[in-house]
Each structure stands twice: as C-alpha cells, then as structure tokens.
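Structure file target-v4.cif; described as mmCIF, C-alpha atoms and all ligand atoms.
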```cif
data_upload
loop_
_atom_site.label_atom_id
_atom_site.label_comp_id
_atom_site.auth_asym_id
_atom_site.auth_seq_id
_atom_site.Cartn_x
_atom_site.Cartn_y
_atom_site.Cartn_z
CA MET A 1 0.00 0.00 0.00
CA ALA A 2 1.25 3.52 -0.80
CA LYS A 3 2.56 5.55 2.11
CA SER A 4 2.11 9.20 2.99
CA LEU A 5 3.90 11.64 5.28
CA LYS A 6 1.71 13.15 7.98
CA VAL A 7 2.26 15.88 10.56
CA GLN A 8 1.31 13.98 13.70
CA PHE A 9 2.78 16.14 16.48
CA PRO A 10 3.02 19.78 15.27
CA GLU A 11 3.29 21.01 18.88
CA ARG A 12 6.74 19.38 19.09
CA CYS A 13 8.19 21.41 16.20
CA ILE A 14 11.10 23.73 17.11
CA GLY A 15 11.35 25.36 13.68
CA CYS A 16 14.83 23.99 12.88
CA GLU A 17 13.90 23.52 9.17
CA LEU A 18 15.94 20.31 8.80
CA CYS A 19 12.90 18.75 7.09
CA ILE A 20 12.93 21.58 4.51
CA MET A 21 16.67 21.13 3.91
CA GLU A 22 16.14 17.40 3.38
CA ILE A 23 13.36 17.78 0.80
CA GLN A 24 15.34 20.52 -0.97
CA ARG A 25 18.31 18.14 -1.06
CA GLN A 26 16.11 15.46 -2.62
CA LEU A 27 14.74 17.97 -5.13
CA LYS A 28 18.34 19.17 -5.81
CA LYS A 29 17.26 22.76 -5.13
CA HIS A 30 19.01 25.53 -3.23
CA GLY A 31 17.16 27.90 -0.89
CA LEU A 32 13.54 27.63 0.12
CA GLU A 33 11.86 28.40 -3.20
CA GLY A 34 9.41 25.75 -4.40
CA SER A 35 9.80 23.69 -1.23
CA LEU A 36 7.21 20.97 -0.62
CA ILE A 37 7.40 21.66 3.12
CA ARG A 38 6.72 25.04 4.69
CA VAL A 39 7.11 25.85 8.37
CA PHE A 40 5.17 28.83 9.75
CA LYS A 41 6.01 30.57 13.00
CA SER A 42 3.48 32.40 15.18
CA ALA A 43 3.01 33.54 18.78
CA LYS A 44 0.92 31.31 20.99
CA GLU A 45 -2.49 32.81 21.66
CA GLY A 46 -2.34 35.58 24.26
CA LYS A 47 1.48 35.79 24.18
CA GLU A 48 3.92 38.22 22.57
CA ILE A 49 5.89 36.79 19.62
CA CYS A 50 9.15 36.98 21.61
CA GLU A 51 7.64 35.03 24.54
CA THR A 52 6.36 31.75 23.15
CA LEU A 53 6.48 30.59 19.57
CA GLU A 54 4.58 27.78 17.96
CA TYR A 55 5.03 26.31 14.51
CA SER A 56 2.71 24.87 11.91
CA ILE A 57 3.86 22.66 9.07
CA ASP A 58 2.34 22.61 5.61
CA LEU A 59 3.03 19.63 3.32
CA ASP A 60 2.46 19.63 -0.43
CA PRO A 61 0.71 16.33 -1.34
CA SER A 62 3.34 15.62 -4.01
CA ILE A 63 5.88 15.10 -1.20
CA ASN A 64 4.76 11.47 -1.07
CA SER A 65 6.61 10.81 -4.34
CA TYR A 66 9.92 11.41 -2.52
CA ASP A 67 11.84 9.63 0.25
CA ILE A 68 9.40 10.46 3.06
CA GLU A 69 10.98 7.95 5.43
CA GLN A 70 14.19 10.01 5.26
CA ILE A 71 12.23 13.19 6.06
CA ARG A 72 10.55 11.47 9.01
CA LYS A 73 13.92 10.31 10.32
CA ILE A 74 15.71 13.65 10.00
CA CYS A 75 13.25 15.51 12.24
CA PRO A 76 14.84 15.73 15.73
CA LYS A 77 11.45 16.06 17.43
CA SER A 78 9.59 13.21 15.66
CA VAL A 79 6.88 15.51 14.33
CA PHE A 80 6.08 13.26 11.35
CA VAL A 81 4.74 9.77 10.87
CA VAL A 82 4.65 7.68 7.72
CA ALA A 83 1.24 6.06 7.37
CA ASP A 84 -0.73 4.11 4.80
CA MET A 85 -2.52 6.40 2.39
CA THR A 86 -6.26 6.71 2.84
CA GLU A 87 -8.51 6.01 -0.16
CA GLU A 88 -9.03 9.75 -0.56
CA GLU A 89 -5.26 10.40 -0.62
CA ASN A 90 -4.77 7.58 -3.14
CA TYR A 91 -7.37 9.25 -5.34
CA GLU A 92 -5.71 12.68 -4.99
CA ASP A 93 -2.34 11.08 -5.76
CA ALA A 94 -3.73 9.50 -8.92
CA LEU A 95 -5.08 12.91 -9.98
CA LEU A 96 -1.67 14.51 -9.37
CA GLU A 97 0.02 11.84 -11.50
CA GLN A 98 -2.45 12.45 -14.33
CA LYS A 99 -1.54 16.18 -14.33
CA ASP A 100 2.20 15.39 -14.73
S1 LIG B 1 12.62 19.01 11.18
FE1 LIG B 1 10.95 18.68 12.67
S2 LIG B 1 11.36 20.17 14.28
FE2 LIG B 1 12.58 20.81 12.52
S3 LIG B 1 11.23 22.27 11.41
FE3 LIG B 1 10.88 20.24 10.50
S4 LIG B 1 9.11 19.47 11.62
FE4 LIG B 1 9.94 21.14 12.87
#
```
Write out the structure in this file as structure tokens.
Amino acid sequence: MAKSLKVQFPERCIGCELCIMEIQRQLKKHGLEGSLIRVFKSAKEGKEICETLEYSIDLDPSINSYDIEQIRKICPKSVFVVADMTEEENYEDALLEQKD
C-alpha cells in the first residue's frame, strides 16, 4: 500500500527547518523556493511573539513521491509519521500523476 507523510505532532516542532533542507536536497534545489514543506512561525495565543512561539507545518501532497521515510527520520522532534494512504489520498495522488 502507498505511504504518505503526515504531521502527527506539530506542537513538538522547534522550527529547525531540517525537514525543509532534506526535501530541498532530494529535489536538488538551493534555498527555500518551491519547497514541498513550509514551516510557519506564530506567537501562541495571548502571548507576545518573543515570549512563546509555535510552529505549523504545511506539506504539499506531491511530497509522497519522494523519500518520506528520510524526512521522518531527519526531524529531531519526531513531528512526522509515515502512514498508509487513505482512499481519498490515493485518489488525490492519482489525480496529481495524471496532471504530470
Ligand atoms: S525538522 Fe521537525 S522540528 Fe525541525 S522544522 Fe521540521 S518538523 Fe519542525
């Protein structure tokens, strides 16, 4: 069964961007442009930005065509899991492949 990368524990993220560097390495791209992973920083509700930060992670669905196990392993805080694709994700994946 096809596998997909999921953000399971976003609250653990420390914003180190190692996951971004890994996918850029796999894509053979420099810098952050066109990355399939984006990490957003914001202040926790009711706090100033310099007090407490939290991060959210956005994954492009096409990331599942790459070495997602390597991305899962490189994260020092185990934010990601690799899980079986749901039927819906399989369908979306098939649509993505048709566009290519
Ligand atoms: S590697 Fe893990 S901790 Fe670092 S930015 Fe990515 S998700 Fe967050």
- Note on the structure: One decimal place gives the CA of Tyr91 (chain A)-CA of Gly34 (chain A) separation as 23.6 Å
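Each of A:Ile74, A:Leu5, A:Val79, A:Met85 was checked against Leu59 (chain A) using all atoms listed in the file; the smallest atom-to-atom distance is that of A:Leu5.
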- Near Val82 (chain A), counting only C-alpha atoms, which residues have an atom at most 7 Å away, once you skip same-chain residues fewer than 2 positions from it, shown as a ChimeraX atom specification? /A:3-6,69,80
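Those protein and nucleic acid residues that have any atom within 8 Å of ligand LIG 1 (chain B) are, using all atoms listed in the file, Val7, Pro10, Arg12, Cys13, Ile14, Gly15, Cys16, Glu17, Leu18, Cys19, Ile20, Val39, Tyr55, Ile57, Ile71, Ile74, Cys75, Pro76, Lys77, Ser78, Val79 and Phe80 of chain A.
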- Item | Spatial neighbours of Thr52 (chain A), 9 Å, only C-alpha atoms, chain gap at least 6 places, as a VMD selection string | chain A and resid 42 to 44
- Message: At a cut-off of 10 Å, using all atoms listed in the file, what residues contact Ala2 (chain A)? Leave out same-chain residues fewer than 2 positions from it and give the result as a PyMOL selection string.
- Response: chain A and resi 4+64-65+83-86+89-90+93
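Considering the residues A:Tyr66, A:Phe9, A:Asp60, A:Leu53 and counting only C-alpha atoms, Leu27 (chain A) has its shortest atom-to-atom contact with A:Tyr66.
If you measure from each of A:Glu92, A:Gln26, A:Ser56, A:Arg72 to Glu11 (chain A) using all atoms listed in the file, the closest one turns out to be A:Ser56.
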- Message: What does the structure give for the distance between CA of Glu87 (chain A) and CA of Gln70 (chain A), in Å to one decimal?
- Response: 23.7 Å
- Could you name the residues that touch Leu32 (chain A) at 9 Å or less, counting only C-alpha atoms, but leaving out those on the same chain fewer than 6 positions away, as a ChimeraX atom specification? /A:20-21,24,38
